[in-house]
Every structure is written in C-alpha cells, then in structure tokens.
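K.L.:
Pasting run-v7.txt below, which is compact mmCIF, C-alpha atoms.
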```
# COMPACT_ATOMS: atom_id res chain seq x y z
CA MET A 21 115.07 129.89 99.08
CA PRO A 22 113.77 126.39 99.79
CA ILE A 23 111.33 126.00 102.68
CA ASN A 24 111.01 122.78 104.62
CA ARG A 25 107.61 121.59 105.81
CA ASN A 26 108.16 122.45 109.48
CA ALA A 27 109.20 126.00 108.65
CA LEU A 28 106.15 126.44 106.42
CA ILE A 29 103.89 125.25 109.26
CA ARG A 30 105.51 127.80 111.58
CA TYR A 31 105.11 130.64 109.04
CA ARG A 32 101.44 129.78 108.49
CA THR A 33 100.85 129.54 112.23
CA ILE A 34 102.48 132.91 112.94
CA ASP A 35 100.50 134.43 110.09
CA GLY A 36 97.27 133.07 111.53
CA CYS A 37 98.10 134.48 114.96
CA LEU A 38 99.00 137.94 113.71
CA ARG A 39 95.83 138.10 111.59
CA ASN A 40 93.79 137.43 114.73
CA ARG A 41 93.60 140.98 116.06
CA ARG A 42 91.18 140.07 118.82
CA ARG A 43 94.14 138.88 120.82
CA ARG A 44 97.54 140.38 121.63
CA TRP A 45 100.47 138.10 120.83
CA THR A 46 103.70 138.01 122.79
CA LEU A 47 106.76 136.13 121.55
CA GLU A 48 105.99 133.41 124.07
CA ASP A 49 102.45 133.10 122.68
CA LEU A 50 103.82 132.64 119.15
CA ILE A 51 106.30 130.03 120.39
CA ASP A 52 103.48 128.08 122.07
CA ALA A 53 101.28 128.31 118.95
CA CYS A 54 104.07 127.03 116.69
CA SER A 55 104.87 124.20 119.09
CA ASP A 56 101.20 123.17 119.21
CA ALA A 57 100.92 123.27 115.40
CA LEU A 58 104.01 121.11 114.87
CA TYR A 59 102.69 118.60 117.37
CA GLU A 60 99.26 118.54 115.73
CA TYR A 61 100.41 118.21 112.12
CA GLU A 62 103.76 116.43 112.45
CA GLY A 63 103.63 114.74 115.86
CA ILE A 64 106.72 116.69 117.00
CA ASP A 65 106.48 117.10 120.77
CA LYS A 66 109.73 119.00 121.17
CA GLY A 67 108.87 122.66 121.69
CA VAL A 68 110.03 125.31 119.24
CA SER A 69 112.90 127.41 120.53
CA ARG A 70 112.77 131.16 121.10
CA ARG A 71 115.59 131.68 118.60
CA THR A 72 113.73 129.73 115.89
CA VAL A 73 110.60 131.86 116.13
CA GLN A 74 112.64 135.06 116.22
CA ALA A 75 114.42 133.92 113.05
CA ASP A 76 111.04 133.08 111.47
CA LEU A 77 109.79 136.59 112.17
CA GLU A 78 112.85 138.07 110.50
CA VAL A 79 112.49 135.83 107.46
CA MET A 80 108.83 136.78 107.13
CA ARG A 81 109.77 140.48 107.38
CA SER A 82 112.45 140.11 104.72
CA GLY A 83 112.01 139.65 101.00
CA LYS A 84 113.72 136.24 100.96
CA LEU A 85 110.39 134.45 100.52
CA GLY A 86 108.56 137.34 98.92
CA TYR A 87 106.49 137.99 102.05
CA GLU A 88 107.91 141.32 103.29
CA ALA A 89 105.42 141.00 106.13
CA PRO A 90 104.77 144.30 107.98
CA ILE A 91 105.37 142.77 111.41
CA VAL A 92 105.66 145.37 114.16
CA VAL A 93 106.04 145.28 117.94
CA ILE A 94 103.74 147.51 119.97
CA GLU A 95 104.28 148.50 123.57
CA LYS A 96 107.67 146.73 123.29
CA ARG A 97 105.91 143.41 123.81
CA TYR A 98 103.09 142.52 121.41
CA TYR A 99 103.53 141.40 117.80
CA THR A 100 101.02 142.28 115.09
CA TYR A 101 100.69 143.29 111.45
CA ALA A 102 100.85 147.01 110.73
CA GLU A 103 98.33 146.38 107.95
CA ALA A 104 95.12 144.83 109.29
CA ASP A 105 94.29 142.93 106.08
CA PHE A 106 97.79 141.57 105.44
CA SER A 107 98.41 137.81 105.12
CA ILE A 108 101.24 135.85 103.59
CA SER A 109 98.53 133.87 101.78
CA ASN A 110 97.68 136.98 99.80
CA ILE A 111 101.18 137.42 98.38
CA PRO A 112 100.93 137.43 94.56
CA LEU A 113 103.10 135.09 92.53
CA ASP A 114 106.08 136.71 90.87
CA ALA A 115 107.07 136.20 87.23
CA GLN A 116 109.43 133.32 88.04
CA ASP A 117 106.73 131.53 90.06
CA LEU A 118 104.27 131.92 87.19
CA ASN A 119 106.78 130.57 84.67
CA VAL A 120 107.43 127.51 86.83
CA LEU A 121 103.69 126.91 87.18
CA ALA A 122 103.21 127.30 83.44
CA GLU A 123 105.92 124.71 82.75
CA ALA A 124 104.37 122.32 85.27
CA SER A 125 100.94 122.81 83.73
CA ALA A 126 102.29 122.11 80.23
CA LEU A 127 103.91 118.92 81.50
CA LEU A 128 100.76 117.72 83.27
CA GLN A 129 98.66 118.50 80.19
CA GLN A 130 100.29 115.51 78.49
CA PHE A 131 98.63 113.14 80.96
CA LYS A 132 95.09 114.52 80.71
CA GLY A 133 92.64 112.05 79.24
CA LEU A 134 94.53 108.95 80.34
CA PRO A 135 92.69 106.36 82.45
CA HIS A 136 92.46 107.21 86.17
CA SER A 137 93.57 110.80 85.45
CA ALA A 138 90.60 112.62 86.95
CA ASP A 139 92.66 113.90 89.89
CA LEU A 140 95.44 114.94 87.53
CA THR A 141 92.99 116.80 85.30
CA GLU A 142 91.71 118.71 88.32
CA MET A 143 95.29 119.55 89.30
CA VAL A 144 95.99 120.94 85.84
CA LEU A 145 92.85 123.09 86.01
CA LYS A 146 93.92 124.47 89.37
CA LEU A 147 97.39 125.30 88.03
CA GLU A 148 96.02 126.95 84.91
CA ASP A 149 93.61 129.02 86.96
CA LYS A 150 96.37 130.06 89.37
CA ILE A 151 98.52 131.17 86.43
CA TYR A 152 95.63 133.14 84.94
CA ALA A 153 94.83 134.83 88.25
CA GLY A 154 98.50 135.69 88.86
CA ARG A 155 99.10 137.19 85.45
CA SER A 156 95.83 139.07 85.13
CA GLN A 157 95.42 140.02 88.83
CA ALA A 158 91.83 138.90 88.35
CA ARG A 159 89.57 136.71 90.41
CA PRO A 160 90.01 132.99 89.58
CA VAL A 161 87.44 131.72 87.08
CA VAL A 162 87.45 128.10 88.26
CA GLU A 163 86.30 127.24 91.77
CA PHE A 164 86.36 123.68 93.09
CA GLU A 165 83.99 122.31 95.68
CA ARG A 166 85.41 122.20 99.17
CA ASN A 167 84.34 122.05 102.80
CA ASP A 168 86.58 124.16 105.02
CA LEU A 169 84.58 123.16 108.13
CA LEU A 170 85.16 119.43 107.68
CA LYS A 171 86.71 117.89 110.78
CA GLY A 172 89.69 115.55 110.83
CA LEU A 173 91.54 116.83 107.77
CA GLN A 174 94.76 116.80 109.79
CA TRP A 175 94.61 112.99 109.89
CA ILE A 176 94.67 112.50 106.12
CA ASP A 177 98.41 112.94 105.68
CA VAL A 178 99.14 110.94 108.85
CA LEU A 179 97.17 107.97 107.52
CA ARG A 180 98.58 108.37 104.01
CA ARG A 181 102.13 108.17 105.30
CA ALA A 182 101.24 105.22 107.52
CA ALA A 183 99.87 103.37 104.47
CA VAL A 184 102.92 104.19 102.34
CA ASP A 185 105.33 103.19 105.12
CA GLN A 186 103.20 100.12 106.00
CA ARG A 187 103.09 101.21 109.61
CA SER A 188 100.33 100.60 112.16
CA VAL A 189 98.76 103.47 114.06
CA SER A 190 96.66 103.66 117.20
CA VAL A 191 93.29 105.23 116.35
CA THR A 192 90.81 106.68 118.82
CA TYR A 193 87.47 106.58 117.03
CA ARG A 194 83.85 107.26 117.84
CA SER A 195 81.17 106.38 115.32
CA PHE A 196 77.90 108.30 115.21
CA ARG A 197 76.14 105.42 116.95
CA ALA A 198 78.71 104.87 119.71
CA ARG A 199 78.30 106.47 123.14
CA TYR A 200 82.03 106.45 123.78
CA ALA A 201 85.20 106.45 121.71
CA SER A 202 87.31 103.30 121.42
CA THR A 203 91.03 102.98 120.76
CA PHE A 204 92.49 100.25 118.57
CA LEU A 205 95.40 99.49 116.26
CA PHE A 206 94.73 100.11 112.60
CA SER A 207 96.53 99.23 109.36
CA THR A 208 95.66 101.68 106.57
CA TYR A 209 95.34 100.51 102.95
CA LEU A 210 93.46 103.26 101.12
CA LEU A 211 92.13 106.79 101.58
CA LYS A 212 88.95 107.55 99.64
CA GLU A 213 86.94 110.74 99.20
CA TYR A 214 83.20 110.78 98.63
CA ARG A 215 81.22 114.02 98.48
CA ASN A 216 83.86 116.03 100.35
CA ARG A 217 84.15 113.46 103.16
CA TRP A 218 87.24 111.31 103.56
CA PHE A 219 87.37 107.67 104.59
CA ALA A 220 90.20 105.34 105.58
CA ILE A 221 89.97 101.70 104.49
CA GLY A 222 92.03 99.13 106.39
CA VAL A 223 91.81 96.58 109.20
CA ASP A 224 91.18 96.88 112.90
CA HIS A 225 93.77 94.61 114.56
CA ARG A 226 91.12 93.23 116.88
CA ARG A 227 89.50 91.50 113.89
CA ARG A 228 91.85 91.29 110.95
CA THR A 229 89.59 89.15 108.78
CA GLN A 230 87.44 91.97 107.41
CA LEU A 231 87.95 95.44 105.99
CA VAL A 232 86.92 98.42 108.09
CA ILE A 233 85.95 101.83 106.73
CA LEU A 234 86.57 104.75 109.09
CA ALA A 235 85.14 108.23 108.53
CA ILE A 236 88.02 110.65 108.98
CA ASP A 237 85.79 113.21 110.72
CA ARG A 238 85.00 110.69 113.47
CA ILE A 239 88.65 110.14 114.40
CA GLU A 240 89.51 111.84 117.68
CA ASP A 241 93.21 111.00 117.85
CA ILE A 242 95.97 109.05 116.10
CA ALA A 243 99.19 107.95 117.80
CA ASP A 244 102.30 106.34 116.36
CA VAL A 245 102.89 102.79 117.62
CA SER A 246 106.25 102.07 116.02
CA ASP A 247 107.62 101.08 119.43
CA ILE A 248 105.29 98.09 119.94
CA ASP A 249 105.38 94.57 118.53
CA ASP A 250 101.97 94.56 116.82
CA ASP A 251 103.11 94.80 113.20
CA TYR A 252 101.34 96.28 110.20
CA THR A 253 98.91 93.83 108.58
CA PRO A 254 99.35 93.69 104.78
CA ASN A 255 96.18 93.66 102.70
CA THR A 256 95.18 90.16 101.64
CA LEU A 257 91.42 90.71 101.88
CA ALA A 258 90.46 92.51 98.69
CA ASP A 259 91.71 94.10 95.50
CA LEU A 260 91.12 97.74 96.38
CA ALA A 261 91.60 98.80 92.76
CA THR A 262 88.22 97.19 92.00
CA TYR A 263 86.68 96.93 95.47
CA PHE A 264 84.42 99.98 95.01
CA GLU A 265 83.74 99.35 91.33
CA HIS A 266 80.17 98.21 91.94
CA VAL A 267 79.11 100.62 94.68
CA ILE A 268 78.07 104.23 94.95
CA GLY A 269 79.97 105.85 97.82
CA VAL A 270 82.04 103.84 100.29
CA THR A 271 79.64 101.44 102.03
CA ARG A 272 79.86 97.85 100.88
CA ASP A 273 78.90 94.44 102.18
CA GLN A 274 81.84 92.23 101.22
CA LYS A 275 79.56 89.23 100.69
CA SER A 276 77.03 91.02 98.46
CA THR A 277 77.07 90.96 94.68
CA PRO A 278 75.89 93.62 92.22
CA ARG A 279 72.22 93.78 91.36
CA LYS A 280 70.40 95.39 88.48
CA ILE A 281 68.62 98.50 89.74
CA VAL A 282 65.95 99.82 87.35
CA PHE A 283 64.33 103.23 87.77
CA ARG A 284 62.16 105.62 85.78
CA VAL A 285 62.97 109.34 85.65
CA SER A 286 60.54 112.01 84.52
CA THR A 287 61.08 113.42 81.05
CA SER A 288 62.04 116.83 82.41
CA ASP A 289 64.66 115.42 84.81
CA ALA A 290 66.05 112.66 82.57
CA PRO A 291 68.74 114.91 81.03
CA TYR A 292 70.31 115.39 84.48
CA ILE A 293 70.65 111.62 84.87
CA ALA A 294 71.79 111.11 81.29
CA THR A 295 74.56 113.73 81.43
CA LYS A 296 75.67 112.86 84.97
CA PRO A 297 75.18 109.11 85.44
CA LEU A 298 74.64 107.78 88.93
CA HIS A 299 77.21 105.04 88.20
CA PRO A 300 79.51 104.08 85.29
CA SER A 301 77.29 101.05 84.61
CA GLN A 302 74.25 103.24 83.89
CA HIS A 303 72.32 102.25 80.78
CA LEU A 304 69.22 103.69 79.11
CA GLU A 305 66.78 100.80 78.94
CA ARG A 306 63.96 102.51 77.07
CA THR A 307 62.10 105.75 76.54
CA GLU A 308 58.46 105.96 77.60
CA PRO A 309 55.81 108.68 77.19
CA ASN A 310 56.10 109.65 80.87
CA GLY A 311 59.85 109.32 81.27
CA HIS A 312 63.10 107.46 80.65
CA VAL A 313 63.94 104.11 82.20
CA PHE A 314 67.57 103.61 83.28
CA SER A 315 69.43 100.77 84.93
CA ILE A 316 72.65 100.45 86.92
CA ASN A 317 74.45 97.38 88.25
CA VAL A 318 75.52 98.07 91.83
CA ILE A 319 75.50 96.65 95.32
CA PRO A 320 72.60 98.29 97.21
CA ASN A 321 73.76 100.48 100.08
CA PHE A 322 72.92 103.63 102.03
CA GLU A 323 74.55 105.97 99.52
CA LEU A 324 72.50 104.47 96.66
CA GLU A 325 69.30 105.15 98.59
CA ARG A 326 70.38 108.76 99.23
CA GLU A 327 71.03 109.27 95.51
CA LEU A 328 67.66 107.85 94.51
CA LEU A 329 65.76 109.77 97.18
CA GLY A 330 67.48 113.00 96.15
CA PHE A 331 65.35 113.18 92.99
CA GLY A 332 62.13 113.12 94.99
CA ALA A 333 58.99 112.54 92.95
CA ALA A 334 60.94 112.75 89.68
CA LEU A 335 62.36 109.24 90.13
CA GLU A 336 60.56 105.93 90.65
CA VAL A 337 62.39 102.70 91.49
CA LEU A 338 60.98 99.83 89.46
CA HIS A 339 63.25 96.94 90.46
CA PRO A 340 64.20 95.12 92.65
CA PRO A 341 60.98 94.88 94.69
CA GLY A 342 62.74 95.13 98.06
CA LEU A 343 64.47 98.39 97.19
CA ARG A 344 61.28 99.77 95.62
CA ALA A 345 59.36 99.02 98.83
CA ARG A 346 62.02 100.65 101.02
CA ILE A 347 62.14 103.85 98.94
CA ALA A 348 58.35 103.99 98.94
CA THR A 349 58.27 103.65 102.74
CA ILE A 350 60.78 106.46 103.20
CA HIS A 351 58.77 108.72 100.87
CA ARG A 352 55.56 107.98 102.80
CA GLN A 353 57.25 108.74 106.12
CA ALA A 354 58.61 111.97 104.69
CA GLY A 355 55.17 112.93 103.43
CA GLN A 356 53.70 112.40 106.91
CA LEU A 357 56.08 115.03 108.27
CA TYR A 358 54.44 117.60 106.01
CA ASP A 359 50.89 116.37 106.50
CA ALA A 360 50.98 117.37 110.18
CA PRO A 361 51.15 121.06 111.21
CA SER A 362 54.64 122.29 111.93
CA SER A 363 55.42 122.45 115.66
CA SER A 364 58.11 125.13 115.22
CA THR A 365 57.43 128.83 115.16
CA THR A 366 58.90 131.32 112.73
CA THR A 367 59.89 134.89 113.42
```
Show me the file's structure as structure tokens.
P.N.:
Amino acid sequence: MPINRNALIRYRTIDGCLRNRRRRWTLEDLIDACSDALYEYEGIDKGVSRRTVQADLEVMRSGKLGYEAPIVVIEKRYYTYAEADFSISNIPLDAQDLNVLAEASALLQQFKGLPHSADLTEMVLKLEDKIYAGRSQARPVVEFERNDLLKGLQWIDVLRRAAVDQRSVSVTYRSFRARYASTFLFSTYLLKEYRNRWFAIGVDHRRRTQLVILAIDRIEDIADVSDIDDDYTPNTLADLATYFEHVIGVTRDQKSTPRKIVFRVSTSDAPYIATKPLHPSQHLERTEPNGHVFSINVIPNFELERELLGFGAALEVLHPPGLRARIATIHRQAGQLYDAPSSSTTT
C-alpha cells in the first residue's frame, strides 16, 4: 500500500503523541498535532479533518502497513497504546521489504568507488546494515554520526526544494552576533554539511553581488514568497562545484587565494594526520627526529584554526608567520586560563 508524504507525517505524529504517556490525547488533540506537523514540515495551513485522523487511526491499527498498532480508547475519550513500549518505528521489516532493500543495495553497489560517491557509499552501508539487522534480528553493527538535538533540520528540505525549483524564500535569520533577527529574501544554490551542521549557500536579495552562507540552526522561519515579484536570482557568482575545494569547512573569503600551510606533528600523533588528512592537498614534506612535517594548500579560515588547535601541543604551525603567531597567541591565552586557580566549585 503506497503512502504519500503527508500521510506518513500524520502517522509519525500520531505515533509520537501516543508514545508520550505523560499526556492524555483526545481525538481533537491528535487532529491539532497533525495539523501543526503538516504546517511545520510542508507549509500546509489547512487543518486536518476529523475524518482523516480517524481513518489514519484505523490504518495504523490494521495490518495494511504492517503496523497493527495496539491503539485503544480509555474512558471513551483518550487514545493511547495498550503496550507502553510500542512504536511504529520499531516494526521489523518483513521478507518482501528485505528483498527490496537487498536488490537496491546490489544496484547501488555498482556505483561505489566512483568520483563524488561518498554519500552513495554511506547509503549502501546503511542499507546493508538495515538488511543485516532485519534478517538476524540483531543490533546494527554500523552506526553513523548524527546529532538529534541539532536545530533547524526542518528547513533543509524546504531550502533544497527552493533551490531545485529556483524559487526565492523569505528567511528570518539571527546570527550568533546579532541582537535581533532580520528577515530578507534569499535565493538558495547549495546545501552543505560540515561536522553535523548544515549550511545554505546563496544570495541575500539586499546585496546580490556576493555569496552568503547561512547556518541552518540560526534560521528562525522560512516563508514562501511565490506571490511577489522579486524573482529568484540565478547563480553567476561562483562555480560551487569547486568553490570549497581550497577550504576546510564552509567559511571562505571570496577574494582570498590558497596559501601553503606548513606544520609539524609529533611522531606519536603523525599517524592520525597521515591516515586522516586535514585536506585533500595534504603532503608529507619531510620526516624529522621530533616529528613529521606536513603541508596543505588552503585558504586560512576559522575552521582551519579549529583543526590545528585541536591537536594541542602535538602540532606546531611553521608557516605562514601570521598564522603561526595567531595560533601561538591562542595557546598562550588558553594556558593562562589554567595558570589561575579555578573560580568554580565542585561537588
């Protein structure tokens, strides 16, 4: 039985409500929750009907989708699960589902190893692990890094669709340094992830001559502006396929050019750098008695400094002088924090 996206959002919302046993849920409460979810994720402001939610409850109770949810009504008014630990997310895959996943995994395997296939390789791993877990009823043996507490994830698909449709959106955004949020029109070109944070690259219509990078978790609201005359601004500013080629992370000065960064890593820590390069341009310059000297060609930015500082005393920046001086200053300031007695008390 095919499920459309709106129905799936309703099922997941109802499931979340019924799993929350700290509250008692009437039919009207479930209707309101589904309406709020559809507005949040799809921008649909038309409320869900009583009949729709009643039909959803019956579908979830039935075996049509494999849920067979133990939904009961208590005191002739409140909906809940008869089994406290039940969730439709815990439903195991049946044999047909596993066969379909296996076929999809076999198909995707053919693309592993091709250029720009890192995301595809991860997808194949997830599929293979899901198949293994479903067939063996065992705990998955591959776990990917994620951040379930990250804010703003609901905006990713909104911005992705706006970029694909070449449609402007109205963004309400507050940077970490701003006292108040500002609202402006935005044309999205690219969504980029770095260390479990997502960023939108595009142009602010107030100044369309430079690229802007917005942190998704700083977006407070996005509204559709298809009914106004301010059209989407196509990207003519940069080739985004290569725009981040010479940077670590997402911060880049458009006028800057790559520089050779040289640093020495202690002998004991050098294998970590060698097996997981800081940047694709990394090169081993030489081996010395007290460590290994590496170089990378990148545009200096905040993320580069964070990477270098993360190795603490195991890494010394040798060149360029300006970056070496800045890293040294930060290390000295950090050391001063530990030279003074701690003002906090422990219990």
K.L.:
Rank A:Ala220, A:Ala258, A:Ala294, A:Val191 by their smallest atom-to-atom distance to A:Asp244, using all atoms listed in the file, and report the top residue only.
P.N.:
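Of all the options, A:Val191 lies closest to A:Asp244.
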K.L.:
Which value, in Å to one decimal, gives the distance between atom CA of A:Leu211 and atom CA of A:Thr295?
P.N.:
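Straight-line distance from atom CA of A:Leu211 to atom CA of A:Thr295 works out to 27.6 Å.
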K.L.:
Rounded to one decimal in Å, what is the spacing between atom CA of A:Lys84 and atom CA of A:Leu28?
P.N.:
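One can read the atom CA of A:Lys84 to atom CA of A:Leu28 distance as 13.5 Å.
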K.L.:
Please provide the set of residues having any atom within 8 Å of A:Ile233, restricted to all atoms listed in the file, with same-chain residues fewer than 2 positions apart removed, written as a PyMOL selection string.
P.N.:
chain A and resi 219-222+231+235+270-271
K.L.:
So the first atom is atom CA of A:Leu260 and the second is atom CA of A:Val189; what is the distance between them in Å, to one decimal place?
P.N.:
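Interatomic distance, atom CA of A:Leu260 to atom CA of A:Val189: 20.1 Å.
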K.L.:
List every protein, DNA or RNA residue that has an atom no more than 9 Å from (104.5, 104.2, 110.9) in the file's coordinate frame, counting all atoms listed in the file, and report them as a ChimeraX atom specification.
P.N.:
/A:178-179,181-189,244-246,252
K.L.:
Write to file, as a tab-separated table (two decimals), keeping the file's coordinate frame, the residues of the selection just made, with C-alpha atoms.
P.N.:
```
chain	number	residue	atom	x	y	z
A	178	VAL	CA	99.14	110.94	108.85
A	179	LEU	CA	97.17	107.97	107.52
A	181	ARG	CA	102.13	108.17	105.30
A	182	ALA	CA	101.24	105.22	107.52
A	183	ALA	CA	99.87	103.37	104.47
A	184	VAL	CA	102.92	104.19	102.34
A	185	ASP	CA	105.33	103.19	105.12
A	186	GLN	CA	103.20	100.12	106.00
A	187	ARG	CA	103.09	101.21	109.61
A	188	SER	CA	100.33	100.60	112.16
A	189	VAL	CA	98.76	103.47	114.06
A	244	ASP	CA	102.30	106.34	116.36
A	245	VAL	CA	102.89	102.79	117.62
A	246	SER	CA	106.25	102.07	116.02
A	252	TYR	CA	101.34	96.28	110.20
```
K.L.:
Using all atoms listed in the file, determine which residues lie at most 9 Å from A:Cys37, disregarding the query and same-chain residues fewer than 4 positions distant; provide the list as a list in words.
P.N.:
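The filter keeps Arg32, Thr33, Arg41, Arg43, Arg44, Trp45, Asp49, Leu50, Ala53 and Thr100 of chain A.
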K.L.:
Which of these, A:Ala89, A:Ile319, A:Val223, A:Leu170, has the shortest distance to A:Ser207 once you count all atoms listed in the file?
P.N.:
A:Val223
K.L.:
Of the candidates A:Ile239, A:Val232, A:Leu77, A:Leu58, which one gets nearest to A:Ser202 if we count all atoms listed in the file?
P.N.:
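Nearest candidate to A:Ser202 out of A:Ile239, A:Val232, A:Leu77, A:Leu58: A:Ile239.
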K.L.:
A:Ala360, A:Val68, A:Ile176, A:Ala334: which is nearest A:Leu234, counting all atoms listed in the file?
P.N.:
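Closest residue, counting all atoms listed in the file: A:Ile176.
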K.L.:
Which is closer to A:Glu265 than all the others in A:Ser82, A:Asn317, A:Asn310, A:Gln230, using all atoms listed in the file?
P.N.:
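Using all atoms listed in the file, A:Glu265 sits closest to A:Asn317.
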K.L.:
Leaving out A:Tyr87 and any residue of its chain fewer than 2 positions from it, which residues lie within 12 Å of it when counting all atoms listed in the file, given as a list in words?
P.N.:
Tyr31, Arg32, Asp35, Asp76, Leu77, Glu78, Val79, Met80, Arg81, Ser82, Gly83, Lys84, Leu85, Ala89, Pro90, Ile91, Phe106, Ser107, Ile108, Ser109, Asn110, Ile111, Pro112, Leu113 and Asp114 of chain A
K.L.:
Grab the residues selected above and save them as a PDB file, in the frame of the given file with C-alpha atoms.
P.N.:
```pdb
ATOM      1  CA  TYR A  31     105.110 130.640 109.040  1.00  0.00           C
ATOM      2  CA  ARG A  32     101.440 129.780 108.490  1.00  0.00           C
ATOM      3  CA  ASP A  35     100.500 134.430 110.090  1.00  0.00           C
ATOM      4  CA  ASP A  76     111.040 133.080 111.470  1.00  0.00           C
ATOM      5  CA  LEU A  77     109.790 136.590 112.170  1.00  0.00           C
ATOM      6  CA  GLU A  78     112.850 138.070 110.500  1.00  0.00           C
ATOM      7  CA  VAL A  79     112.490 135.830 107.460  1.00  0.00           C
ATOM      8  CA  MET A  80     108.830 136.780 107.130  1.00  0.00           C
ATOM      9  CA  ARG A  81     109.770 140.480 107.380  1.00  0.00           C
ATOM     10  CA  SER A  82     112.450 140.110 104.720  1.00  0.00           C
ATOM     11  CA  GLY A  83     112.010 139.650 101.000  1.00  0.00           C
ATOM     12  CA  LYS A  84     113.720 136.240 100.960  1.00  0.00           C
ATOM     13  CA  LEU A  85     110.390 134.450 100.520  1.00  0.00           C
ATOM     14  CA  ALA A  89     105.420 141.000 106.130  1.00  0.00           C
ATOM     15  CA  PRO A  90     104.770 144.300 107.980  1.00  0.00           C
ATOM     16  CA  ILE A  91     105.370 142.770 111.410  1.00  0.00           C
ATOM     17  CA  PHE A 106      97.790 141.570 105.440  1.00  0.00           C
ATOM     18  CA  SER A 107      98.410 137.810 105.120  1.00  0.00           C
ATOM     19  CA  ILE A 108     101.240 135.850 103.590  1.00  0.00           C
ATOM     20  CA  SER A 109      98.530 133.870 101.780  1.00  0.00           C
ATOM     21  CA  ASN A 110      97.680 136.980  99.800  1.00  0.00           C
ATOM     22  CA  ILE A 111     101.180 137.420  98.380  1.00  0.00           C
ATOM     23  CA  PRO A 112     100.930 137.430  94.560  1.00  0.00           C
ATOM     24  CA  LEU A 113     103.100 135.090  92.530  1.00  0.00           C
ATOM     25  CA  ASP A 114     106.080 136.710  90.870  1.00  0.00           C
TER      26      ASP A 114
END
```
K.L.:
Regenerate stretch 184-197 of chain A at the level of N, CA and C atoms and dump it as a PDB file, in the frame of the given file.
P.N.:
```
ATOM      1  N   VAL A 184     101.740 104.278 103.201  1.00  0.00           N
ATOM      2  CA  VAL A 184     102.920 104.190 102.340  1.00  0.00           C
ATOM      3  C   VAL A 184     104.056 103.472 103.057  1.00  0.00           C
ATOM      4  N   ASP A 185     104.241 103.789 104.342  1.00  0.00           N
ATOM      5  CA  ASP A 185     105.330 103.190 105.120  1.00  0.00           C
ATOM      6  C   ASP A 185     104.965 101.814 105.659  1.00  0.00           C
ATOM      7  N   GLN A 186     103.715 101.381 105.438  1.00  0.00           N
ATOM      8  CA  GLN A 186     103.200 100.120 106.000  1.00  0.00           C
ATOM      9  C   GLN A 186     103.480 100.066 107.499  1.00  0.00           C
ATOM     10  N   ARG A 187     102.889 101.041 108.178  1.00  0.00           N
ATOM     11  CA  ARG A 187     103.090 101.210 109.610  1.00  0.00           C
ATOM     12  C   ARG A 187     101.731 101.289 110.303  1.00  0.00           C
ATOM     13  N   SER A 188     101.569 100.562 111.395  1.00  0.00           N
ATOM     14  CA  SER A 188     100.330 100.600 112.160  1.00  0.00           C
ATOM     15  C   SER A 188     100.232 101.900 112.950  1.00  0.00           C
ATOM     16  N   VAL A 189      98.995 102.318 113.205  1.00  0.00           N
ATOM     17  CA  VAL A 189      98.760 103.470 114.060  1.00  0.00           C
ATOM     18  C   VAL A 189      97.677 103.115 115.070  1.00  0.00           C
ATOM     19  N   SER A 190      97.687 103.826 116.186  1.00  0.00           N
ATOM     20  CA  SER A 190      96.660 103.660 117.200  1.00  0.00           C
ATOM     21  C   SER A 190      95.604 104.737 116.976  1.00  0.00           C
ATOM     22  N   VAL A 191      94.369 104.310 116.701  1.00  0.00           N
ATOM     23  CA  VAL A 191      93.290 105.230 116.350  1.00  0.00           C
ATOM     24  C   VAL A 191      92.272 105.278 117.484  1.00  0.00           C
ATOM     25  N   THR A 192      91.916 106.482 117.893  1.00  0.00           N
ATOM     26  CA  THR A 192      90.810 106.680 118.820  1.00  0.00           C
ATOM     27  C   THR A 192      89.627 107.164 118.000  1.00  0.00           C
ATOM     28  N   TYR A 193      88.564 106.385 117.990  1.00  0.00           N
ATOM     29  CA  TYR A 193      87.470 106.580 117.030  1.00  0.00           C
ATOM     30  C   TYR A 193      86.131 106.456 117.717  1.00  0.00           C
ATOM     31  N   ARG A 194      85.214 107.333 117.313  1.00  0.00           N
ATOM     32  CA  ARG A 194      83.850 107.260 117.840  1.00  0.00           C
ATOM     33  C   ARG A 194      82.877 107.397 116.685  1.00  0.00           C
ATOM     34  N   SER A 195      82.168 106.341 116.393  1.00  0.00           N
ATOM     35  CA  SER A 195      81.170 106.380 115.320  1.00  0.00           C
ATOM     36  C   SER A 195      79.960 107.181 115.792  1.00  0.00           C
ATOM     37  N   PHE A 196      79.087 107.530 114.860  1.00  0.00           N
ATOM     38  CA  PHE A 196      77.900 108.300 115.210  1.00  0.00           C
ATOM     39  C   PHE A 196      76.994 107.543 116.176  1.00  0.00           C
ATOM     40  N   ARG A 197      77.037 106.222 116.119  1.00  0.00           N
ATOM     41  CA  ARG A 197      76.140 105.420 116.950  1.00  0.00           C
ATOM     42  C   ARG A 197      76.748 105.063 118.305  1.00  0.00           C
TER      43      ARG A 197
END
```
